[in-house]
file my_file13.cif (mmCIF, C-alpha atoms)
data_data
loop_
_atom_site.label_atom_id
_atom_site.label_comp_id
_atom_site.auth_asym_id
_atom_site.auth_seq_id
_atom_site.Cartn_x
_atom_site.Cartn_y
_atom_site.Cartn_z
CA LYS A 1 0.00 0.00 0.00
CA ASN A 2 1.33 3.40 -1.02
CA GLN A 3 2.19 5.53 1.97
CA VAL A 4 1.00 8.69 0.21
CA GLU A 5 -2.42 8.31 -1.36
CA GLN A 6 -4.02 10.93 -3.55
CA SER A 7 -7.60 11.33 -4.63
CA PRO A 8 -9.26 11.56 -6.95
CA GLN A 9 -7.06 9.76 -9.45
CA SER A 10 -8.41 11.98 -12.20
CA LEU A 11 -10.71 14.96 -12.38
CA ILE A 12 -12.37 16.95 -15.14
CA ILE A 13 -13.71 20.43 -14.40
CA LEU A 14 -15.01 23.39 -16.34
CA GLU A 15 -12.82 26.41 -16.81
CA GLY A 16 -13.41 28.96 -14.08
CA LYS A 17 -14.54 26.42 -11.51
CA ASN A 18 -12.75 25.60 -8.27
CA CYS A 19 -11.51 22.18 -7.25
CA THR A 20 -9.83 20.47 -4.32
CA LEU A 21 -7.34 17.63 -4.51
CA GLN A 22 -6.69 15.38 -1.54
CA CYS A 23 -3.56 13.76 -0.14
CA ASN A 24 -3.58 11.26 2.74
CA TYR A 25 -0.31 10.02 4.12
CA THR A 26 0.84 7.51 6.69
CA VAL A 27 4.56 8.28 6.86
CA SER A 28 5.74 10.27 9.87
CA PRO A 29 7.35 12.14 11.43
CA PHE A 30 7.87 14.33 8.45
CA SER A 31 9.81 17.48 7.80
CA ASN A 32 7.68 19.03 5.10
CA LEU A 33 4.93 18.31 2.63
CA ARG A 34 5.01 19.63 -0.92
CA TRP A 35 2.66 19.93 -3.82
CA TYR A 36 4.03 19.84 -7.35
CA LYS A 37 2.46 20.43 -10.75
CA GLN A 38 3.69 18.26 -13.58
CA ASP A 39 2.74 19.02 -17.15
CA THR A 40 2.76 16.08 -19.54
CA GLY A 41 6.29 15.26 -20.62
CA ARG A 42 7.84 17.78 -18.25
CA GLY A 43 9.46 17.72 -14.85
CA PRO A 44 7.49 18.67 -11.72
CA VAL A 45 7.32 22.29 -10.63
CA SER A 46 6.92 23.22 -6.98
CA LEU A 47 3.67 24.88 -5.96
CA THR A 48 3.83 24.91 -2.17
CA ILE A 49 6.06 23.72 0.65
CA MET A 50 4.64 23.37 4.15
CA THR A 51 6.55 22.37 7.24
CA PHE A 52 4.85 20.06 9.71
CA SER A 53 3.91 23.06 11.88
CA GLU A 54 2.17 25.00 9.12
CA ASN A 55 -1.45 24.40 8.19
CA THR A 56 -1.91 26.54 5.12
CA LYS A 57 0.19 27.99 2.34
CA SER A 58 -0.90 29.93 -0.73
CA ASN A 59 0.69 30.53 -4.08
CA GLY A 60 -1.56 32.60 -6.28
CA ARG A 61 -4.65 30.57 -7.13
CA TYR A 62 -3.24 27.53 -5.34
CA THR A 63 -3.86 27.05 -1.61
CA ALA A 64 -2.53 24.03 0.24
CA THR A 65 -3.73 22.97 3.68
CA LEU A 66 -2.24 20.52 6.12
CA ASP A 67 -3.80 18.72 9.06
CA ALA A 68 -1.02 16.83 10.83
CA ASP A 69 -3.47 15.23 13.26
CA THR A 70 -5.47 13.51 10.55
CA LYS A 71 -2.47 13.24 8.22
CA GLN A 72 -4.27 14.92 5.39
CA SER A 73 -3.38 17.68 2.99
CA SER A 74 -5.40 19.32 0.28
CA LEU A 75 -4.65 21.53 -2.68
CA HIS A 76 -7.38 23.97 -3.63
CA ILE A 77 -7.33 25.57 -7.05
CA THR A 78 -9.56 28.58 -7.55
CA ALA A 79 -10.88 29.96 -10.83
CA SER A 80 -9.31 27.17 -12.84
CA GLN A 81 -7.67 27.90 -16.17
CA LEU A 82 -7.00 25.65 -19.15
CA SER A 83 -3.30 25.80 -18.30
CA ASP A 84 -4.03 24.14 -14.96
CA SER A 85 -4.48 20.85 -16.82
CA ALA A 86 -1.67 18.70 -15.46
CA SER A 87 -0.84 16.08 -12.86
CA TYR A 88 -0.60 17.28 -9.28
CA ILE A 89 1.70 15.37 -7.00
CA CYS A 90 1.80 15.38 -3.22
CA VAL A 91 5.21 14.61 -1.72
CA VAL A 92 6.01 13.96 1.93
CA ILE A 93 9.61 14.43 2.99
CA LEU A 94 10.88 12.82 6.16
CA TRP A 95 13.57 14.29 8.41
CA GLY A 96 16.12 11.94 6.89
CA ASN A 97 15.36 13.55 3.53
CA GLN A 98 13.46 10.52 2.26
CA PHE A 99 10.91 11.47 -0.34
CA TYR A 100 7.54 9.75 -0.56
CA PHE A 101 5.65 10.56 -3.74
CA GLY A 102 1.92 10.27 -4.15
CA THR A 103 0.53 8.70 -7.28
CA GLY A 104 -0.83 12.03 -8.45
CA THR A 105 -4.15 13.46 -9.56
CA SER A 106 -4.63 14.12 -13.24
CA LEU A 107 -6.61 17.33 -13.68
CA THR A 108 -8.23 18.29 -16.97
CA VAL A 109 -9.80 21.72 -17.34
CA ILE A 110 -12.20 22.00 -20.25
CA PRO A 111 -13.61 25.18 -21.80
CA GLY B 1 13.33 29.73 -9.21
CA ALA B 2 16.50 27.88 -10.01
CA VAL B 3 16.89 26.22 -13.39
CA VAL B 4 17.83 22.62 -13.99
CA SER B 5 18.35 21.39 -17.53
CA GLN B 6 18.54 17.91 -18.96
CA HIS B 7 20.05 16.73 -22.20
CA PRO B 8 18.89 15.18 -24.37
CA SER B 9 15.17 15.80 -23.98
CA TRP B 10 14.44 12.61 -25.84
CA VAL B 11 16.51 9.78 -27.22
CA ILE B 12 15.86 6.61 -29.18
CA CYS B 13 18.48 3.90 -29.07
CA LYS B 14 18.88 0.29 -30.07
CA SER B 15 18.81 -2.51 -27.56
CA GLY B 16 22.26 -3.25 -26.17
CA THR B 17 23.66 0.25 -26.56
CA SER B 18 24.40 2.70 -23.76
CA VAL B 19 22.84 6.12 -23.33
CA LYS B 20 24.10 9.03 -21.27
CA ILE B 21 21.74 11.65 -19.85
CA GLU B 22 23.08 14.91 -18.47
CA CYS B 23 21.58 16.97 -15.69
CA ARG B 24 22.85 20.49 -15.11
CA SER B 25 22.02 23.12 -12.53
CA LEU B 26 22.33 26.33 -14.49
CA ASP B 27 22.31 29.06 -11.89
CA PHE B 28 23.20 27.42 -8.59
CA GLN B 29 25.53 24.83 -7.16
CA ALA B 30 23.78 21.59 -6.39
CA THR B 31 25.32 19.61 -3.58
CA THR B 32 22.88 16.80 -4.17
CA MET B 33 21.21 15.53 -7.31
CA PHE B 34 18.50 12.95 -7.54
CA TRP B 35 17.57 10.69 -10.42
CA TYR B 36 14.03 9.44 -10.95
CA ARG B 37 12.23 7.35 -13.50
CA GLN B 38 8.58 7.63 -14.29
CA PHE B 39 6.41 5.21 -16.22
CA PRO B 40 3.23 6.41 -17.95
CA LYS B 41 0.51 7.47 -15.54
CA GLN B 42 2.66 6.61 -12.55
CA SER B 43 4.45 8.76 -10.06
CA LEU B 44 8.16 9.39 -9.86
CA MET B 45 10.32 6.62 -8.48
CA LEU B 46 13.61 7.61 -6.92
CA MET B 47 16.48 5.66 -8.43
CA ALA B 48 19.49 7.17 -6.72
CA THR B 49 20.87 10.12 -4.83
CA SER B 50 24.24 11.52 -5.76
CA ASN B 51 26.42 13.91 -3.84
CA GLU B 52 29.16 15.82 -5.58
CA GLY B 53 32.45 14.00 -5.41
CA SER B 54 31.16 10.81 -3.84
CA LYS B 55 29.49 7.61 -4.95
CA ALA B 56 25.77 7.60 -5.56
CA THR B 57 23.36 5.94 -3.16
CA TYR B 58 20.98 3.67 -5.03
CA GLU B 59 17.46 2.74 -3.99
CA GLN B 60 16.64 -0.87 -3.37
CA GLY B 61 16.09 -2.77 -6.57
CA VAL B 62 18.04 -0.35 -8.77
CA GLU B 63 21.07 -1.96 -10.40
CA LYS B 64 24.04 0.31 -9.87
CA ASP B 65 26.04 -1.42 -12.58
CA LYS B 66 23.28 -0.78 -15.09
CA PHE B 67 22.50 2.80 -14.13
CA LEU B 68 25.85 4.51 -13.73
CA ILE B 69 25.73 7.88 -12.01
CA ASN B 70 28.54 10.39 -11.98
CA HIS B 71 28.37 13.68 -10.09
CA ALA B 72 31.74 15.16 -10.91
CA SER B 73 30.92 18.80 -10.23
CA LEU B 74 28.42 20.93 -8.35
CA THR B 75 26.57 21.68 -11.56
CA LEU B 76 26.62 18.41 -13.48
CA SER B 77 25.45 14.88 -12.89
CA THR B 78 25.17 12.18 -15.52
CA LEU B 79 23.12 9.00 -15.69
CA THR B 80 24.33 6.31 -18.09
CA VAL B 81 21.95 3.50 -18.92
CA THR B 82 24.24 0.67 -19.94
CA SER B 83 23.23 -2.13 -22.30
CA ALA B 84 19.76 -0.67 -22.58
CA HIS B 85 16.77 -2.92 -23.11
CA PRO B 86 13.19 -2.08 -24.13
CA GLU B 87 12.06 -2.36 -20.51
CA ASP B 88 14.39 0.55 -19.70
CA SER B 89 12.21 2.79 -21.86
CA SER B 90 10.90 5.42 -19.50
CA PHE B 91 10.90 9.09 -18.59
CA TYR B 92 14.02 9.95 -16.59
CA ILE B 93 13.95 13.08 -14.43
CA CYS B 94 16.71 14.61 -12.37
CA SER B 95 16.42 17.12 -9.59
CA ALA B 96 18.97 19.22 -7.78
CA GLY B 97 19.15 20.78 -4.40
CA SER B 98 21.16 21.24 -1.27
CA GLY B 99 20.11 17.91 0.15
CA ARG B 100 18.72 19.52 3.33
CA ALA B 101 15.21 18.47 4.26
CA ASN B 102 13.41 21.82 4.03
CA ASP B 103 15.29 23.18 1.05
CA GLU B 104 13.71 23.35 -2.36
CA GLN B 105 14.43 20.67 -4.90
CA TYR B 106 14.39 21.80 -8.51
CA PHE B 107 13.41 19.34 -11.18
CA GLY B 108 14.71 19.10 -14.69
CA PRO B 109 12.36 18.84 -17.67
CA GLY B 110 12.97 15.12 -18.07
CA THR B 111 14.43 12.86 -20.75
CA ARG B 112 12.26 10.44 -22.69
CA LEU B 113 14.21 7.26 -23.45
CA THR B 114 12.89 4.76 -25.96
CA VAL B 115 14.84 1.56 -26.50
CA THR B 116 13.95 -0.35 -29.67
#

call {"tool": "encode", "arguments": {"input": "my_file13.cif", "output": "structure tokens"}}
result
Amino acid sequence: KNQVEQSPQSLIILEGKNCTLQCNYTVSPFSNLRWYKQDTGRGPVSLTIMTFSENTKSNGRYTATLDADTKQSSLHITASQLSDSASYICVVILWGNQFYFGTGTSLTVIP
Amino acid sequence: GAVVSQHPSWVICKSGTSVKIECRSLDFQATTMFWYRQFPKQSLMLMATSNEGSKATYEQGVEKDKFLINHASLTLSTLTVTSAHPEDSSFYICSAGSGRANDEQYFGPGTRLTVT
């Protein structure tokens, strides 16, 4: 069983709508949790980095939340754009600098 | 943010040949570089971690004699896939950073390898 689970696996939304992606993890204790955006055929690009003591972090239209008690994180995208179509990956990094990658959520924004 | 480049961006080679992929940090010195592979619709899988001037640390199940990693300078790491086979066809991504837990890790654009 993957120690970082993401849901949904894929999502299709209309342009302009909001959406929320989920990340549940079992690995701990962790140093920080990150969300990345990966366009098809490209490397991941960092969206947010949250330490274990933070519970929210924003980057433009992207807002990540973290609940260390329930071991859940979410990425909220507001006013979606066609360019938001990509895979979104949740990554949990342990104190020993071990990276645990989620399986990703594939987001498609349609006009 | 910092820029990491990879070369080539895609390569097709015949089975049995070797392929070298370069990863460069263009505007910063990367103490640590990571190499990943990614199969279609799957997440990244860490293959190895390399620190400048020392031997790479390979993840369990990754053959170090097949995937040769050299990190000769603070701005360049290379991954050589030796005696490539069709099952080695994948998307290879490198990342670079300081190696410290809270520091950013910058990913390259990836290299698509197809072995025929």

call {"tool": "resolve_selection", "arguments": {"input": "my_file13.cif", "expression": "the PyMOL selection byres ((chain B) within 9 of (chain A))", "output": "list in words"}}
result
Lys41, Gln42, Ser43, Leu44, Met45, Leu46, Phe91, Ile93, Cys94, Ser95, Gly99, Arg100, Ala101, Asn102, Glu104, Gln105, Tyr106, Phe107, Gly108, Pro109, Gly110, Thr111 and Arg112 of chain B

call {"tool": "closest_residue", "arguments": {"input": "my_file13.cif", "among": "A:Gln6, A:Asn18, A:Thr65, A:Ser28", "to": "Thr78 (chain A)", "atoms": "only C-alpha atoms"}}
result
A:Asn18

call {"tool": "atom_distance", "arguments": {"input": "my_file13.cif", "atom1": "CA of Asp88 (chain B)", "atom2": "CA of Val91 (chain A)"}}
result
24.6 Å

call {"tool": "atom_distance", "arguments": {"input": "my_file13.cif", "atom1": "CA of Thr80 (chain B)", "atom2": "CA of Asp65 (chain B)"}}
result
9.6 Å

call {"tool": "closest_residue", "arguments": {"input": "my_file13.cif", "among": "A:Val92, A:Thr26, A:Leu75, A:Ser80", "to": "Pro8 (chain A)", "atoms": "only C-alpha atoms"}}
result
A:Leu75

call {"tool": "residues_around", "arguments": {"input": "my_file13.cif", "residues": "Asp67 (chain A)", "least_positions_apart": "3", "cutoff": "9 Å", "atoms": "all atoms listed in the file", "output": "number ranges by chain"}}
result
A: 52, 54-56, 70-74

call {"tool": "write_last_selection", "arguments": {"input": "my_file13.cif", "atoms": "C-alpha atoms", "output": "compact mmCIF listing (two decimals), in the coordinates of the input"}}
result
# COMPACT_ATOMS: atom_id res chain seq x y z
CA PHE A 52 4.85 20.06 9.71
CA GLU A 54 2.17 25.00 9.12
CA ASN A 55 -1.45 24.40 8.19
CA THR A 56 -1.91 26.54 5.12
CA THR A 70 -5.47 13.51 10.55
CA LYS A 71 -2.47 13.24 8.22
CA GLN A 72 -4.27 14.92 5.39
CA SER A 73 -3.38 17.68 2.99
CA SER A 74 -5.40 19.32 0.28

call {"tool": "atom_distance", "arguments": {"input": "my_file13.cif", "atom1": "CA of Ser73 (chain B)", "atom2": "CA of Phe28 (chain B)"}}
result
11.7 Å

call {"tool": "resolve_selection", "arguments": {"input": "my_file13.cif", "expression": "the PyMOL selection byres ((chain B and resi 74) around 12)", "output": "number ranges by chain"}}
result
B: 23-33, 50-54, 70-73, 75-78, 96-98

call {"tool": "axis_aligned_box", "arguments": {"input": "my_file13.cif", "around": "region 81-90 of chain A", "padding_each_side": "5 Å", "output": "AutoDock Vina command-line options"}}
result
--center_x -2.9 --center_y 21.6 --center_z -11.2 --size_x 19.5 --size_y 22.5 --size_z 25.9

call {"tool": "build_atoms", "arguments": {"input": "my_file13.cif", "residues": "region 25-36 of chain A", "atoms": "all heavy atoms", "output": "PDB file, keeping the file's coordinate frame"}}
result
ATOM      1  N   TYR A  25      -1.611  10.657   3.971  1.00  0.00           N
ATOM      2  CA  TYR A  25      -0.310  10.020   4.120  1.00  0.00           C
ATOM      3  C   TYR A  25      -0.230   9.262   5.437  1.00  0.00           C
ATOM      4  O   TYR A  25      -0.958   9.554   6.388  1.00  0.00           O
ATOM      5  CB  TYR A  25       0.820  11.057   4.036  1.00  0.00           C
ATOM      6  CG  TYR A  25       0.732  12.144   5.081  1.00  0.00           C
ATOM      7  CD1 TYR A  25       1.399  12.021   6.297  1.00  0.00           C
ATOM      8  CD2 TYR A  25      -0.011  13.298   4.843  1.00  0.00           C
ATOM      9  CE1 TYR A  25       1.321  13.015   7.256  1.00  0.00           C
ATOM     10  CE2 TYR A  25      -0.094  14.289   5.805  1.00  0.00           C
ATOM     11  CZ  TYR A  25       0.568  14.143   6.998  1.00  0.00           C
ATOM     12  OH  TYR A  25       0.484  15.127   7.950  1.00  0.00           O
ATOM     13  N   THR A  26       0.643   8.284   5.458  1.00  0.00           N
ATOM     14  CA  THR A  26       0.840   7.510   6.690  1.00  0.00           C
ATOM     15  C   THR A  26       2.260   7.672   7.230  1.00  0.00           C
ATOM     16  O   THR A  26       2.522   7.330   8.385  1.00  0.00           O
ATOM     17  CB  THR A  26       0.561   6.013   6.455  1.00  0.00           C
ATOM     18  OG1 THR A  26       1.429   5.534   5.418  1.00  0.00           O
ATOM     19  CG2 THR A  26      -0.890   5.786   6.061  1.00  0.00           C
ATOM     20  N   VAL A  27       3.181   8.156   6.409  1.00  0.00           N
ATOM     21  CA  VAL A  27       4.560   8.280   6.860  1.00  0.00           C
ATOM     22  C   VAL A  27       4.686   9.434   7.854  1.00  0.00           C
ATOM     23  O   VAL A  27       4.072  10.472   7.716  1.00  0.00           O
ATOM     24  CB  VAL A  27       5.523   8.542   5.682  1.00  0.00           C
ATOM     25  CG1 VAL A  27       5.684   7.297   4.853  1.00  0.00           C
ATOM     26  CG2 VAL A  27       5.045   9.700   4.818  1.00  0.00           C
ATOM     27  N   SER A  28       5.477   9.240   8.863  1.00  0.00           N
ATOM     28  CA  SER A  28       5.740  10.270   9.870  1.00  0.00           C
ATOM     29  C   SER A  28       6.928   9.828  10.712  1.00  0.00           C
ATOM     30  O   SER A  28       7.248   8.636  10.735  1.00  0.00           O
ATOM     31  CB  SER A  28       4.512  10.510  10.747  1.00  0.00           C
ATOM     32  OG  SER A  28       4.229   9.352  11.519  1.00  0.00           O
ATOM     33  N   PRO A  29       7.566  10.699  11.460  1.00  0.00           N
ATOM     34  CA  PRO A  29       7.350  12.140  11.430  1.00  0.00           C
ATOM     35  C   PRO A  29       7.973  12.741  10.165  1.00  0.00           C
ATOM     36  O   PRO A  29       8.959  12.234   9.653  1.00  0.00           O
ATOM     37  CB  PRO A  29       8.080  12.620  12.681  1.00  0.00           C
ATOM     38  CG  PRO A  29       9.167  11.612  12.877  1.00  0.00           C
ATOM     39  CD  PRO A  29       8.616  10.303  12.405  1.00  0.00           C
ATOM     40  N   PHE A  30       7.368  13.775   9.677  1.00  0.00           N
ATOM     41  CA  PHE A  30       7.870  14.330   8.450  1.00  0.00           C
ATOM     42  C   PHE A  30       8.373  15.749   8.647  1.00  0.00           C
ATOM     43  O   PHE A  30       7.990  16.440   9.590  1.00  0.00           O
ATOM     44  CB  PHE A  30       6.814  14.282   7.339  1.00  0.00           C
ATOM     45  CG  PHE A  30       5.653  15.216   7.557  1.00  0.00           C
ATOM     46  CD1 PHE A  30       5.670  16.489   7.010  1.00  0.00           C
ATOM     47  CD2 PHE A  30       4.551  14.813   8.285  1.00  0.00           C
ATOM     48  CE1 PHE A  30       4.601  17.345   7.185  1.00  0.00           C
ATOM     49  CE2 PHE A  30       3.488  15.662   8.473  1.00  0.00           C
ATOM     50  CZ  PHE A  30       3.508  16.930   7.924  1.00  0.00           C
ATOM     51  N   SER A  31       9.228  16.148   7.767  1.00  0.00           N
ATOM     52  CA  SER A  31       9.810  17.480   7.800  1.00  0.00           C
ATOM     53  C   SER A  31       8.931  18.479   7.060  1.00  0.00           C
ATOM     54  O   SER A  31       8.653  19.560   7.578  1.00  0.00           O
ATOM     55  CB  SER A  31      11.200  17.439   7.155  1.00  0.00           C
ATOM     56  OG  SER A  31      11.651  18.734   6.867  1.00  0.00           O
ATOM     57  N   ASN A  32       8.543  18.135   5.855  1.00  0.00           N
ATOM     58  CA  ASN A  32       7.680  19.030   5.100  1.00  0.00           C
ATOM     59  C   ASN A  32       6.868  18.257   4.071  1.00  0.00           C
ATOM     60  O   ASN A  32       7.200  17.107   3.731  1.00  0.00           O
ATOM     61  CB  ASN A  32       8.474  20.157   4.458  1.00  0.00           C
ATOM     62  CG  ASN A  32       9.536  19.673   3.505  1.00  0.00           C
ATOM     63  OD1 ASN A  32       9.314  19.575   2.307  1.00  0.00           O
ATOM     64  ND2 ASN A  32      10.720  19.352   4.038  1.00  0.00           N
ATOM     65  N   LEU A  33       5.808  18.889   3.630  1.00  0.00           N
ATOM     66  CA  LEU A  33       4.930  18.310   2.630  1.00  0.00           C
ATOM     67  C   LEU A  33       4.849  19.295   1.467  1.00  0.00           C
ATOM     68  O   LEU A  33       4.672  20.496   1.672  1.00  0.00           O
ATOM     69  CB  LEU A  33       3.538  18.040   3.214  1.00  0.00           C
ATOM     70  CG  LEU A  33       2.528  17.319   2.311  1.00  0.00           C
ATOM     71  CD1 LEU A  33       1.595  16.447   3.158  1.00  0.00           C
ATOM     72  CD2 LEU A  33       1.740  18.280   1.460  1.00  0.00           C
ATOM     73  N   ARG A  34       4.959  18.766   0.261  1.00  0.00           N
ATOM     74  CA  ARG A  34       5.010  19.630  -0.920  1.00  0.00           C
ATOM     75  C   ARG A  34       3.968  19.202  -1.942  1.00  0.00           C
ATOM     76  O   ARG A  34       3.640  18.026  -2.061  1.00  0.00           O
ATOM     77  CB  ARG A  34       6.394  19.566  -1.563  1.00  0.00           C
ATOM     78  CG  ARG A  34       7.515  19.835  -0.589  1.00  0.00           C
ATOM     79  CD  ARG A  34       8.881  19.750  -1.217  1.00  0.00           C
ATOM     80  NE  ARG A  34       9.923  19.931  -0.208  1.00  0.00           N
ATOM     81  CZ  ARG A  34      11.216  20.062  -0.481  1.00  0.00           C
ATOM     82  NH1 ARG A  34      11.627  20.032  -1.738  1.00  0.00           N
ATOM     83  NH2 ARG A  34      12.096  20.215   0.489  1.00  0.00           N
ATOM     84  N   TRP A  35       3.507  20.178  -2.662  1.00  0.00           N
ATOM     85  CA  TRP A  35       2.660  19.930  -3.820  1.00  0.00           C
ATOM     86  C   TRP A  35       3.407  20.389  -5.071  1.00  0.00           C
ATOM     87  O   TRP A  35       3.971  21.491  -5.105  1.00  0.00           O
ATOM     88  CB  TRP A  35       1.328  20.679  -3.707  1.00  0.00           C
ATOM     89  CG  TRP A  35       0.345  20.032  -2.776  1.00  0.00           C
ATOM     90  CD1 TRP A  35       0.181  20.286  -1.450  1.00  0.00           C
ATOM     91  CD2 TRP A  35      -0.619  19.036  -3.117  1.00  0.00           C
ATOM     92  NE1 TRP A  35      -0.824  19.507  -0.945  1.00  0.00           N
ATOM     93  CE2 TRP A  35      -1.334  18.738  -1.936  1.00  0.00           C
ATOM     94  CE3 TRP A  35      -0.958  18.365  -4.294  1.00  0.00           C
ATOM     95  CZ2 TRP A  35      -2.366  17.791  -1.908  1.00  0.00           C
ATOM     96  CZ3 TRP A  35      -1.984  17.436  -4.269  1.00  0.00           C
ATOM     97  CH2 TRP A  35      -2.679  17.152  -3.088  1.00  0.00           C
ATOM     98  N   TYR A  36       3.389  19.527  -6.089  1.00  0.00           N
ATOM     99  CA  TYR A  36       4.030  19.840  -7.350  1.00  0.00           C
ATOM    100  C   TYR A  36       3.005  19.742  -8.476  1.00  0.00           C
ATOM    101  O   TYR A  36       2.054  18.949  -8.410  1.00  0.00           O
ATOM    102  CB  TYR A  36       5.157  18.846  -7.670  1.00  0.00           C
ATOM    103  CG  TYR A  36       6.397  18.996  -6.826  1.00  0.00           C
ATOM    104  CD1 TYR A  36       6.532  18.316  -5.621  1.00  0.00           C
ATOM    105  CD2 TYR A  36       7.450  19.808  -7.243  1.00  0.00           C
ATOM    106  CE1 TYR A  36       7.680  18.446  -4.856  1.00  0.00           C
ATOM    107  CE2 TYR A  36       8.602  19.940  -6.477  1.00  0.00           C
ATOM    108  CZ  TYR A  36       8.706  19.250  -5.286  1.00  0.00           C
ATOM    109  OH  TYR A  36       9.846  19.382  -4.530  1.00  0.00           O
TER     110      TYR A  36
END
